[in-house]
$ cat structure.pdb   # PDB, C-alpha atoms
ATOM      1  CA  MET A 345     -67.945  64.924  57.059
ATOM      2  CA  LYS A 346     -66.257  61.611  56.288
ATOM      3  CA  LYS A 347     -67.503  61.769  52.671
ATOM      4  CA  PHE A 348     -66.127  65.296  52.326
ATOM      5  CA  LEU A 349     -62.709  64.272  53.632
ATOM      6  CA  THR A 350     -62.638  61.248  51.360
ATOM      7  CA  VAL A 351     -63.376  63.508  48.375
ATOM      8  CA  ALA A 352     -60.560  65.840  49.431
ATOM      9  CA  ALA A 353     -58.101  63.003  49.999
ATOM     10  CA  ILE A 354     -58.924  61.153  46.801
ATOM     11  CA  GLY A 355     -58.891  64.404  44.871
ATOM     12  CA  ALA A 356     -55.405  65.166  46.096
ATOM     13  CA  LEU A 357     -54.117  61.673  45.331
ATOM     14  CA  ILE A 358     -55.615  61.507  41.859
ATOM     15  CA  ALA A 359     -54.599  65.019  40.962
ATOM     16  CA  VAL A 360     -51.047  64.350  41.926
ATOM     17  CA  SER A 361     -50.892  61.031  40.108
ATOM     18  CA  GLY A 362     -51.752  63.110  37.054
ATOM     19  CA  CYS A 363     -49.102  65.631  38.011
ATOM     20  CA  GLY A 364     -46.488  62.936  38.190
ATOM     21  CA  LYS A 365     -46.923  62.589  34.473
ATOM     22  CA  SER A 366     -45.382  64.709  31.797
ATOM     23  CA  GLY A 367     -45.977  65.030  28.099
ATOM     24  CA  GLU A 368     -44.669  66.650  24.965
ATOM     25  CA  ASN A 369     -47.246  69.418  25.161
ATOM     26  CA  ALA A 370     -46.489  70.114  28.833
ATOM     27  CA  GLY A 371     -44.289  73.078  28.009
ATOM     28  CA  GLY A 372     -40.927  71.310  27.886
ATOM     29  CA  THR A 373     -41.371  69.325  31.091
ATOM     30  CA  ALA A 374     -38.940  66.447  31.515
ATOM     31  CA  LYS A 375     -40.287  63.111  30.270
ATOM     32  CA  ARG A 376     -40.632  60.433  32.900
ATOM     33  CA  GLU A 377     -38.474  57.374  32.308
ATOM     34  CA  ALA A 378     -40.214  54.082  31.578
ATOM     35  CA  GLY A 379     -39.841  51.396  34.241
ATOM     36  CA  ASN A 380     -40.833  50.780  37.849
ATOM     37  CA  TRP A 381     -41.756  53.775  40.023
ATOM     38  CA  LYS A 382     -42.164  53.692  43.801
ATOM     39  CA  THR A 383     -44.421  56.319  45.392
ATOM     40  CA  ASN A 384     -44.278  57.474  49.012
ATOM     41  CA  VAL A 385     -46.928  59.636  50.665
ATOM     42  CA  LYS A 386     -46.358  61.744  53.779
ATOM     43  CA  LEU A 387     -49.184  63.574  55.522
ATOM     44  CA  VAL A 388     -47.632  66.898  56.555
ATOM     45  CA  LYS A 389     -50.705  68.652  57.999
ATOM     46  CA  PHE A 390     -54.280  67.557  58.643
ATOM     47  CA  GLU A 391     -56.648  69.964  60.379
ATOM     48  CA  VAL A 392     -60.406  69.544  60.571
ATOM     49  CA  PRO A 393     -62.410  71.450  63.192
ATOM     50  CA  GLY A 394     -64.460  69.205  65.452
ATOM     51  CA  MET A 395     -63.097  65.938  64.066
ATOM     52  CA  PRO A 396     -62.434  63.278  66.714
ATOM     53  CA  ALA A 397     -58.767  62.305  67.102
ATOM     54  CA  GLU A 398     -59.549  58.661  66.191
ATOM     55  CA  MET A 399     -61.049  59.715  62.858
ATOM     56  CA  LYS A 400     -58.037  61.964  62.127
ATOM     57  CA  ASP A 401     -55.709  59.058  62.902
ATOM     58  CA  SER A 402     -57.603  56.661  60.627
ATOM     59  CA  MET A 403     -57.588  59.207  57.773
ATOM     60  CA  ALA A 404     -53.838  59.774  58.264
ATOM     61  CA  LYS A 405     -53.223  56.015  58.193
ATOM     62  CA  ALA A 406     -55.362  55.607  55.076
ATOM     63  CA  MET A 407     -53.426  58.349  53.269
ATOM     64  CA  GLU A 408     -50.037  57.009  54.283
ATOM     65  CA  SER A 409     -51.011  53.444  53.361
ATOM     66  CA  ALA A 410     -50.428  54.553  49.765
ATOM     67  CA  SER A 411     -46.706  54.764  50.604
ATOM     68  CA  GLY A 412     -44.465  52.195  49.036
ATOM     69  CA  MET A 413     -46.793  51.618  46.076
ATOM     70  CA  ASP A 414     -45.000  50.330  42.973
ATOM     71  CA  GLN A 415     -46.232  51.106  39.463
ATOM     72  CA  CYS A 416     -44.825  49.943  36.149
ATOM     73  CA  PHE A 417     -44.880  52.339  33.198
ATOM     74  CA  THR A 418     -44.063  51.023  29.736
ATOM     75  CA  GLN A 419     -42.346  53.160  27.119
ATOM     76  CA  GLU A 420     -45.662  53.360  25.262
ATOM     77  CA  GLN A 421     -47.435  54.697  28.387
ATOM     78  CA  VAL A 422     -44.696  57.253  29.012
ATOM     79  CA  ASP A 423     -44.814  58.413  25.373
ATOM     80  CA  LYS A 424     -48.580  59.010  25.634
ATOM     81  CA  GLU A 425     -48.516  60.919  28.933
ATOM     82  CA  ASP A 426     -50.090  64.359  28.764
ATOM     83  CA  ILE A 427     -50.152  66.325  32.007
ATOM     84  CA  ALA A 428     -52.463  69.026  30.627
ATOM     85  CA  ALA A 429     -55.111  66.410  29.801
ATOM     86  CA  GLU A 430     -54.662  64.715  33.186
ATOM     87  CA  LEU A 431     -55.089  67.998  35.067
ATOM     88  CA  ALA A 432     -58.264  68.861  33.138
ATOM     89  CA  LYS A 433     -59.994  65.618  34.176
ATOM     90  CA  GLY A 434     -60.168  66.166  37.915
ATOM     91  CA  PRO A 435     -60.670  63.507  40.588
ATOM     92  CA  ASN A 436     -63.010  60.572  39.907
ATOM     93  CA  GLY A 437     -64.958  62.257  37.138
ATOM     94  CA  GLY A 438     -65.128  65.506  39.062
ATOM     95  CA  GLU A 439     -64.178  68.781  37.513
ATOM     96  CA  CYS A 440     -61.212  71.046  38.200
ATOM     97  CA  LYS A 441     -60.809  74.655  37.136
ATOM     98  CA  TRP A 442     -57.182  75.735  37.341
ATOM     99  CA  SER A 443     -56.382  79.401  37.975
ATOM    100  CA  LYS A 444     -52.666  78.622  37.675
ATOM    101  CA  LYS A 445     -51.175  75.802  35.593
ATOM    102  CA  ASP A 446     -47.428  76.257  35.256
ATOM    103  CA  VAL A 447     -45.867  72.939  34.299
ATOM    104  CA  ALA A 448     -42.551  73.539  32.572
ATOM    105  CA  GLY A 449     -38.821  73.226  33.024
ATOM    106  CA  GLY A 450     -39.150  70.389  35.524
ATOM    107  CA  LYS A 451     -41.310  72.482  37.875
ATOM    108  CA  ILE A 452     -44.972  72.137  38.862
ATOM    109  CA  ASP A 453     -46.989  75.082  40.168
ATOM    110  CA  VAL A 454     -50.719  74.439  39.845
ATOM    111  CA  ALA A 455     -53.681  75.888  41.742
ATOM    112  CA  GLY A 456     -57.424  75.774  41.330
ATOM    113  CA  THR A 457     -60.757  74.470  42.514
ATOM    114  CA  CYS A 458     -62.064  70.914  42.176
ATOM    115  CA  THR A 459     -65.693  69.883  42.556
ATOM    116  CA  GLN A 460     -67.083  66.385  42.982
ATOM    117  CA  GLY A 461     -70.420  65.249  44.360
ATOM    118  CA  GLY A 462     -71.388  68.788  45.324
ATOM    119  CA  GLN A 463     -68.233  69.294  47.416
ATOM    120  CA  THR A 464     -65.696  71.926  46.397
ATOM    121  CA  VAL A 465     -62.069  72.096  47.518
ATOM    122  CA  ASP A 466     -59.224  74.444  46.675
ATOM    123  CA  MET A 467     -56.114  72.572  45.590
ATOM    124  CA  ALA A 468     -52.541  73.689  45.058
ATOM    125  CA  MET A 469     -49.656  71.529  43.879
ATOM    126  CA  THR A 470     -46.019  72.581  43.805
ATOM    127  CA  GLY A 471     -42.867  70.612  43.243
ATOM    128  CA  THR A 472     -40.485  69.151  40.719
ATOM    129  CA  MET A 473     -40.653  66.571  37.932
ATOM    130  CA  GLU A 474     -37.549  64.912  36.571
ATOM    131  CA  ALA A 475     -36.893  61.826  34.452
ATOM    132  CA  LYS A 476     -36.217  59.674  37.540
ATOM    133  CA  LYS A 477     -38.000  61.500  40.377
ATOM    134  CA  THR A 478     -41.080  63.593  41.112
ATOM    135  CA  ASP A 479     -41.605  65.434  44.390
ATOM    136  CA  VAL A 480     -44.916  67.260  44.788
ATOM    137  CA  THR A 481     -46.611  68.904  47.768
ATOM    138  CA  ILE A 482     -50.409  69.043  47.583
ATOM    139  CA  THR A 483     -52.447  71.425  49.707
ATOM    140  CA  THR A 484     -56.219  70.885  49.888
ATOM    141  CA  LYS A 485     -58.490  73.391  51.633
ATOM    142  CA  GLY A 486     -62.237  73.520  51.943
ATOM    143  CA  LYS A 487     -65.230  74.052  54.185
ATOM    144  CA  VAL A 488     -66.505  71.092  56.177
ATOM    145  CA  PRO A 489     -70.297  70.548  56.137
ATOM    146  CA  THR A 490     -70.453  71.219  59.898
ATOM    147  CA  GLY A 491     -68.749  74.589  59.433
ATOM    148  CA  GLY A 492     -65.130  75.615  59.688
ATOM    149  CA  ASP A 493     -62.125  75.178  57.447
ATOM    150  CA  MET A 494     -60.370  71.913  56.618
ATOM    151  CA  GLU A 495     -56.742  71.876  55.498
ATOM    152  CA  MET A 496     -54.647  68.926  54.428
ATOM    153  CA  VAL A 497     -51.051  69.073  53.202
ATOM    154  CA  MET A 498     -49.308  65.997  51.865
ATOM    155  CA  GLN A 499     -46.065  65.287  50.077
ATOM    156  CA  MET A 500     -45.827  62.648  47.363
ATOM    157  CA  THR A 501     -42.448  61.505  46.141
ATOM    158  CA  SER A 502     -42.099  59.043  43.251
ATOM    159  CA  THR A 503     -38.739  57.543  42.375
ATOM    160  CA  HIS A 504     -37.682  55.460  39.354
ATOM    161  CA  THR A 505     -36.361  52.197  40.804
ATOM    162  CA  GLY A 506     -35.282  50.391  37.624
ATOM    163  CA  PRO A 507     -36.903  48.168  35.032
ATOM    164  CA  CYS A 508     -40.459  46.906  35.588
ATOM    165  CA  LYS A 509     -40.723  43.895  37.830
ATOM    166  CA  SER A 510     -42.220  40.766  36.327
ATOM    167  CA  ALA A 511     -45.928  40.138  36.846
ATOM    168  CA  THR A 512     -45.168  37.184  39.132
ATOM    169  CA  THR A 513     -43.525  39.293  41.863
TER
END
$ encode --input "structure.pdb" --output "structure tokens"
Amino acid sequence: MKKFLTVAAIGALIAVSGCGKSGENAGGTAKREAGNWKTNVKLVKFEVPGMPAEMKDSMAKAMESASGMDQCFTQEQVDKEDIAAELAKGPNGGECKWSKKDVAGGKIDVAGTCTQGGQTVDMAMTGTMEAKKTDVTITTKGKVPTGGDMEMVMQMTSTHTGPCKSATT
């Protein structure tokens, strides 16, 4: 069960890191500004039948430990971003098939199924993308190997905080 949850959690994180990107062929989506971006993660809902409370707590802490992460994006990286290509890749070499992929006008509305290591989860991502902020809610649902339905909802917000910090900080 732990492997399944890790796949679901990583899938959600990686998928959304791709969704935080925008490109010229993303249907007119706003281009992200080059510079330093700070990402915060909030676990909104986490339900797994039969999972001990301690394991739920450790998974919640692991997900939220991604909060406060800083990333630097150069102008060259921003110019090359292509959300359609990022969405097609799927998590960690897995494969995603999107039944809905509306990424235009600063809005994200994506839904589909991702498979990795024999595990399949349904994913949906909705939110906004602007030059200086992205705010996306990711919902991951799937069956746990022991039976029952797992559901995880998390919100990822990335904010442009200014120019890239030097490598020494």
$ atom_distance --input "structure.pdb" --atom1 "CA of Val454 (chain A)" --atom2 "CA of Met467 (chain A)"
8.1 Å
$ resolve_selection --input "structure.pdb" --expression "the PyMOL selection byres ((chain A and resi 377-385) around 8)" --output "number ranges by chain"
A: 375-376, 386-387, 407-419, 421-422, 475-476, 498-509
$ write_last_selection --input "structure.pdb" --atoms "C-alpha atoms" --output "short mmCIF file (atom, residue, chain, number, x, y, z; two decimals), in the frame of the given file"
data_model
loop_
_atom_site.label_atom_id
_atom_site.label_comp_id
_atom_site.auth_asym_id
_atom_site.auth_seq_id
_atom_site.Cartn_x
_atom_site.Cartn_y
_atom_site.Cartn_z
CA LYS A 375 -40.29 63.11 30.27
CA ARG A 376 -40.63 60.43 32.90
CA LYS A 386 -46.36 61.74 53.78
CA LEU A 387 -49.18 63.57 55.52
CA MET A 407 -53.43 58.35 53.27
CA GLU A 408 -50.04 57.01 54.28
CA SER A 409 -51.01 53.44 53.36
CA ALA A 410 -50.43 54.55 49.76
CA SER A 411 -46.71 54.76 50.60
CA GLY A 412 -44.46 52.20 49.04
CA MET A 413 -46.79 51.62 46.08
CA ASP A 414 -45.00 50.33 42.97
CA GLN A 415 -46.23 51.11 39.46
CA CYS A 416 -44.82 49.94 36.15
CA PHE A 417 -44.88 52.34 33.20
CA THR A 418 -44.06 51.02 29.74
CA GLN A 419 -42.35 53.16 27.12
CA GLN A 421 -47.44 54.70 28.39
CA VAL A 422 -44.70 57.25 29.01
CA ALA A 475 -36.89 61.83 34.45
CA LYS A 476 -36.22 59.67 37.54
CA MET A 498 -49.31 66.00 51.86
CA GLN A 499 -46.06 65.29 50.08
CA MET A 500 -45.83 62.65 47.36
CA THR A 501 -42.45 61.50 46.14
CA SER A 502 -42.10 59.04 43.25
CA THR A 503 -38.74 57.54 42.38
CA HIS A 504 -37.68 55.46 39.35
CA THR A 505 -36.36 52.20 40.80
CA GLY A 506 -35.28 50.39 37.62
CA PRO A 507 -36.90 48.17 35.03
CA CYS A 508 -40.46 46.91 35.59
CA LYS A 509 -40.72 43.90 37.83
#
$ resolve_selection --input "structure.pdb" --expression "the PyMOL selection byres ((chain A and resi 480-492) around 8)" --output "list in words"
Met345, Phe348, Ala352, Ala356, Val360, Val392, Pro393, Ile452, Thr464, Val465, Asp466, Met467, Ala468, Met469, Thr470, Gly471, Thr472, Thr478, Asp479, Asp493, Met494, Glu495, Met496, Val497, Met498, Gln499, Met500 and Thr501 of chain A
$ atom_distance --input "structure.pdb" --atom1 "CA of Lys389 (chain A)" --atom2 "CA of Lys405 (chain A)"
12.9 Å
